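Peer 1: Below is a structure I'd like to ask you about.
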Amino acid sequence: MNLKTIIAGAILAGTITSAQATDYVIDDKGAHASINFSIKHLGYSWLVGRFNEFNGSFSYDEADPAASTVSVNIKPASVDSNHAERDKHLRSDEFLAVDKFPDAQFVSTAFTPAADGSAILSGNLTLRGVTKPIEIAVTKIGEGKDPWGGYRAGFQGTTELKLKEYGINFNLGPASESVYLNLNVEGIRQ
């Protein structure tokens with residue numbers, strides 16, 4: 001074995017072992033991310049809204065997507081359904097109990113990619129002081145350079161939460177036992 005072969009092998013080995021997930025901060029400041037919800041109103045129509053205050057980060061490695069991680073913090077008091085009186089009710093103890101539980105968190109436990117490019121993001125959601133495992137169906141939207149010299153990656157996710165599992169027992173009727181979350185996440189590479 002000659003010196004060139006040894007050096008080339010060392011360089012290649014260093015490249016392979018140093019491959020890691022890339023860290024991103026969710027772009028909540030530029031409003032390029034959103035946490036939206038929808039719930040049936042008495043079974044007659046859909047009520048839609050969002051949470052205006054949240055932050056988080058994720059790590060993603062296209063070569064090893066299963067190593068991806070996500071952490072998000074949400075301020076439930078920032079709930080916005082475009083109706084001040086309803087939002088006040090949503091902040092009350094009957095729903096989000098924001099005085100007792102000012103923060104909600106999601107921390108991933110697994111990222112399981114599928115052959116079609118979609119994935120299931122598993123993790124623990126803490127809402128109203130209750131922590132439950134959830135699964136989020138994820139689709140990668142894209143990634144690449146941005147006009148400001150940075151690099152971004154974006155994903156969309158959807159999940160369903162049963163209100164009673166988080167201690168929300170207000171009776172909205174049988175058609176309104178679940179809330180659906182639509183998550184749009186754009187991260188800026190760090």
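We name chains A, B, ... following the order of the structure tokens; residues begin at 1 in each chain, and ligands are numbered from 1 as shown.
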Dump as a tab-separated table the rows for residues of range 104-156 of chain A within 12 Å of range 39-57 of chain A: closest atom pair and distance in Å with one decimal, only C-alpha atoms counted, ordered by chain and rising residue number.
Peer 2:
```
residue	atom	partner	partner_atom	distance
A:Ala104	CA	A:Phe54	CA	9.2
A:Gln105	CA	A:Gly56	CA	9.5
A:Phe106	CA	A:Gly56	CA	9.2
A:Val107	CA	A:Gly56	CA	9.7
A:Ser108	CA	A:Ser57	CA	10.9
A:Ala153	CA	A:Ser57	CA	11.5
A:Gly154	CA	A:Ser57	CA	11.9
```
Peer 1: When you look at Tyr180 in chain A with a cut-off of 10 Å (counting only C-alpha atoms), what residues show up, excluding the ones that are within fewer than 3 positions of it in the same chain? I need them as a ChimeraX atom specification.
Peer 2: /A:36-40,48,158-162,183
Peer 1: Give the strand (DSSP E or B) residues of range 14-150 of chain A, as assigned by DSSP on the backbone, as a VMD selection string.
Peer 2: chain A and resid 22 to 26 34 to 41 45 to 51 54 to 60 69 to 74 79 to 80 104 to 113 118 to 127 130 to 145
Peer 1: Store the residues picked out above in a file with C-alpha atoms, as a PDB file, in the first residue's frame.
Peer 2:
```pdb
ATOM      1  CA  THR A  22     -27.738  19.529   9.511  1.00  0.00           C
ATOM      2  CA  ASP A  23     -29.279  21.786  12.163  1.00  0.00           C
ATOM      3  CA  TYR A  24     -32.035  24.259  11.274  1.00  0.00           C
ATOM      4  CA  VAL A  25     -33.925  26.909  13.232  1.00  0.00           C
ATOM      5  CA  ILE A  26     -37.610  27.189  12.344  1.00  0.00           C
ATOM      6  CA  SER A  34     -47.165  28.102  10.741  1.00  0.00           C
ATOM      7  CA  ILE A  35     -49.120  25.911  13.126  1.00  0.00           C
ATOM      8  CA  ASN A  36     -52.722  25.854  11.929  1.00  0.00           C
ATOM      9  CA  PHE A  37     -55.698  23.969  13.317  1.00  0.00           C
ATOM     10  CA  SER A  38     -59.193  23.054  12.199  1.00  0.00           C
ATOM     11  CA  ILE A  39     -62.091  21.545  14.092  1.00  0.00           C
ATOM     12  CA  LYS A  40     -65.677  20.929  13.089  1.00  0.00           C
ATOM     13  CA  HIS A  41     -68.105  23.408  14.598  1.00  0.00           C
ATOM     14  CA  SER A  45     -68.824  23.779   9.352  1.00  0.00           C
ATOM     15  CA  TRP A  46     -65.095  24.090  10.045  1.00  0.00           C
ATOM     16  CA  LEU A  47     -63.525  26.462  12.535  1.00  0.00           C
ATOM     17  CA  VAL A  48     -59.942  27.280  11.565  1.00  0.00           C
ATOM     18  CA  GLY A  49     -57.193  29.104  13.397  1.00  0.00           C
ATOM     19  CA  ARG A  50     -53.520  29.151  14.243  1.00  0.00           C
ATOM     20  CA  PHE A  51     -50.977  29.673  16.980  1.00  0.00           C
ATOM     21  CA  PHE A  54     -43.894  29.279  18.602  1.00  0.00           C
ATOM     22  CA  ASN A  55     -40.251  28.440  18.014  1.00  0.00           C
ATOM     23  CA  GLY A  56     -38.154  25.405  17.477  1.00  0.00           C
ATOM     24  CA  SER A  57     -35.447  23.615  15.621  1.00  0.00           C
ATOM     25  CA  PHE A  58     -34.810  20.441  13.699  1.00  0.00           C
ATOM     26  CA  SER A  59     -31.931  18.366  12.407  1.00  0.00           C
ATOM     27  CA  TYR A  60     -32.163  16.699   9.027  1.00  0.00           C
ATOM     28  CA  THR A  69     -35.003  15.221  15.210  1.00  0.00           C
ATOM     29  CA  VAL A  70     -37.507  18.003  15.916  1.00  0.00           C
ATOM     30  CA  SER A  71     -38.264  20.157  18.953  1.00  0.00           C
ATOM     31  CA  VAL A  72     -41.009  22.823  18.998  1.00  0.00           C
ATOM     32  CA  ASN A  73     -42.318  25.090  21.777  1.00  0.00           C
ATOM     33  CA  ILE A  74     -45.785  26.642  21.395  1.00  0.00           C
ATOM     34  CA  VAL A  79     -54.289  31.049  19.723  1.00  0.00           C
ATOM     35  CA  ASP A  80     -55.955  33.050  16.945  1.00  0.00           C
ATOM     36  CA  ALA A 104     -46.913  23.303  24.946  1.00  0.00           C
ATOM     37  CA  GLN A 105     -44.054  21.217  23.558  1.00  0.00           C
ATOM     38  CA  PHE A 106     -43.388  18.631  20.908  1.00  0.00           C
ATOM     39  CA  VAL A 107     -40.189  16.565  21.044  1.00  0.00           C
ATOM     40  CA  SER A 108     -39.600  13.904  18.423  1.00  0.00           C
ATOM     41  CA  THR A 109     -38.676  10.324  19.250  1.00  0.00           C
ATOM     42  CA  ALA A 110     -38.392   8.859  15.717  1.00  0.00           C
ATOM     43  CA  PHE A 111     -38.515   9.799  12.044  1.00  0.00           C
ATOM     44  CA  THR A 112     -39.552   6.911   9.786  1.00  0.00           C
ATOM     45  CA  PRO A 113     -39.138   7.640   6.053  1.00  0.00           C
ATOM     46  CA  SER A 118     -43.114  10.875   2.868  1.00  0.00           C
ATOM     47  CA  ALA A 119     -42.388  10.043   6.493  1.00  0.00           C
ATOM     48  CA  ILE A 120     -43.935   9.559   9.907  1.00  0.00           C
ATOM     49  CA  LEU A 121     -42.585  11.808  12.647  1.00  0.00           C
ATOM     50  CA  SER A 122     -43.242  10.274  16.060  1.00  0.00           C
ATOM     51  CA  GLY A 123     -42.863  12.165  19.289  1.00  0.00           C
ATOM     52  CA  ASN A 124     -44.349  13.362  22.540  1.00  0.00           C
ATOM     53  CA  LEU A 125     -46.740  16.302  22.675  1.00  0.00           C
ATOM     54  CA  THR A 126     -47.244  18.022  26.005  1.00  0.00           C
ATOM     55  CA  LEU A 127     -50.438  20.097  26.118  1.00  0.00           C
ATOM     56  CA  VAL A 130     -50.503  16.041  29.637  1.00  0.00           C
ATOM     57  CA  THR A 131     -47.833  14.271  27.576  1.00  0.00           C
ATOM     58  CA  LYS A 132     -48.974  11.818  24.908  1.00  0.00           C
ATOM     59  CA  PRO A 133     -47.234  10.164  21.955  1.00  0.00           C
ATOM     60  CA  ILE A 134     -48.429  11.376  18.557  1.00  0.00           C
ATOM     61  CA  GLU A 135     -47.573  10.707  14.933  1.00  0.00           C
ATOM     62  CA  ILE A 136     -47.303  13.391  12.264  1.00  0.00           C
ATOM     63  CA  ALA A 137     -47.527  12.516   8.575  1.00  0.00           C
ATOM     64  CA  VAL A 138     -44.682  14.489   6.952  1.00  0.00           C
ATOM     65  CA  THR A 139     -43.890  15.499   3.380  1.00  0.00           C
ATOM     66  CA  LYS A 140     -40.677  17.247   2.406  1.00  0.00           C
ATOM     67  CA  ILE A 141     -41.458  20.350   0.345  1.00  0.00           C
ATOM     68  CA  GLY A 142     -37.903  21.174  -0.716  1.00  0.00           C
ATOM     69  CA  GLU A 143     -34.540  22.611   0.229  1.00  0.00           C
ATOM     70  CA  GLY A 144     -31.921  24.906  -1.230  1.00  0.00           C
ATOM     71  CA  LYS A 145     -30.203  28.278  -1.169  1.00  0.00           C
TER      72      LYS A 145
END
```
Peer 1: Please provide as a list in words all residues within 10 Å of Glu62 in chain A, with the sequence filter that same-chain residues fewer than 2 positions apart are discarded (counting only C-alpha atoms).
Peer 2: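 Skipping anything fewer than 2 positions along the chain leaves Gln20, Ala21, Thr22, Tyr60, Asp64, Pro65, Ala66, Ala67 and Ser68 of chain A.
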Peer 1: Okay, now the selection with all heavy atoms, as a CSV table (one decimal), in the first residue's frame?
Peer 2:
```csv
chain,number,residue,atom,x,y,z
A,20,GLN,N,-23.2,14.2,9.1
A,20,GLN,CA,-24.1,14.4,10.2
A,20,GLN,C,-25.3,15.1,9.7
A,20,GLN,O,-25.3,15.7,8.7
A,20,GLN,CB,-23.5,15.2,11.3
A,20,GLN,CG,-22.3,14.6,12.0
A,20,GLN,CD,-21.7,15.5,13.0
A,20,GLN,OE1,-22.2,16.5,13.3
A,20,GLN,NE2,-20.6,15.0,13.6
A,21,ALA,N,-26.3,15.1,10.6
A,21,ALA,CA,-27.6,15.8,10.3
A,21,ALA,C,-27.2,17.3,10.3
A,21,ALA,O,-26.4,17.7,11.1
A,21,ALA,CB,-28.6,15.5,11.3
A,22,THR,N,-27.9,18.1,9.5
A,22,THR,CA,-27.7,19.5,9.5
A,22,THR,C,-28.8,20.1,10.4
A,22,THR,O,-29.9,19.7,10.4
A,22,THR,CB,-27.9,20.1,8.1
A,22,THR,OG1,-27.0,19.4,7.2
A,22,THR,CG2,-27.7,21.6,8.0
A,60,TYR,N,-31.8,17.5,10.2
A,60,TYR,CA,-32.2,16.7,9.0
A,60,TYR,C,-30.9,16.3,8.2
A,60,TYR,O,-30.1,17.2,7.9
A,60,TYR,CB,-33.2,17.4,8.1
A,60,TYR,CG,-33.6,16.6,7.0
A,60,TYR,CD1,-34.5,15.6,7.1
A,60,TYR,CD2,-33.2,16.9,5.7
A,60,TYR,CE1,-34.9,14.8,6.0
A,60,TYR,CE2,-33.6,16.2,4.6
A,60,TYR,CZ,-34.4,15.1,4.8
A,60,TYR,OH,-34.8,14.4,3.7
A,64,ASP,N,-29.4,10.2,5.7
A,64,ASP,CA,-29.9,9.4,6.8
A,64,ASP,C,-31.1,10.0,7.5
A,64,ASP,O,-31.0,10.5,8.6
A,64,ASP,CB,-28.8,9.1,7.8
A,64,ASP,CG,-29.2,8.2,8.9
A,64,ASP,OD1,-30.2,7.5,8.8
A,64,ASP,OD2,-28.5,8.1,9.9
A,65,PRO,N,-32.3,10.1,6.8
A,65,PRO,CA,-33.4,10.8,7.3
A,65,PRO,C,-33.9,10.3,8.7
A,65,PRO,O,-34.5,11.0,9.5
A,65,PRO,CB,-34.5,10.6,6.3
A,65,PRO,CG,-33.9,10.1,5.1
A,65,PRO,CD,-32.5,9.6,5.5
A,66,ALA,N,-33.7,9.0,8.9
A,66,ALA,CA,-34.1,8.4,10.2
A,66,ALA,C,-33.5,9.0,11.4
A,66,ALA,O,-34.0,8.9,12.5
A,66,ALA,CB,-33.9,6.9,10.2
A,67,ALA,N,-32.3,9.7,11.2
A,67,ALA,CA,-31.6,10.3,12.3
A,67,ALA,C,-32.2,11.7,12.6
A,67,ALA,O,-31.7,12.4,13.5
A,67,ALA,CB,-30.1,10.4,12.0
A,68,SER,N,-33.2,12.2,11.9
A,68,SER,CA,-33.8,13.5,12.0
A,68,SER,C,-34.4,13.7,13.4
A,68,SER,O,-35.0,12.7,14.0
A,68,SER,CB,-34.8,13.8,10.9
A,68,SER,OG,-34.2,13.7,9.7
```
Peer 1: From the list A:Leu90, A:Ile168, A:Ala114, A:Ala63, which residue is nearest Arg128 in chain A when using only C-alpha atoms?
Peer 2: A:Ile168
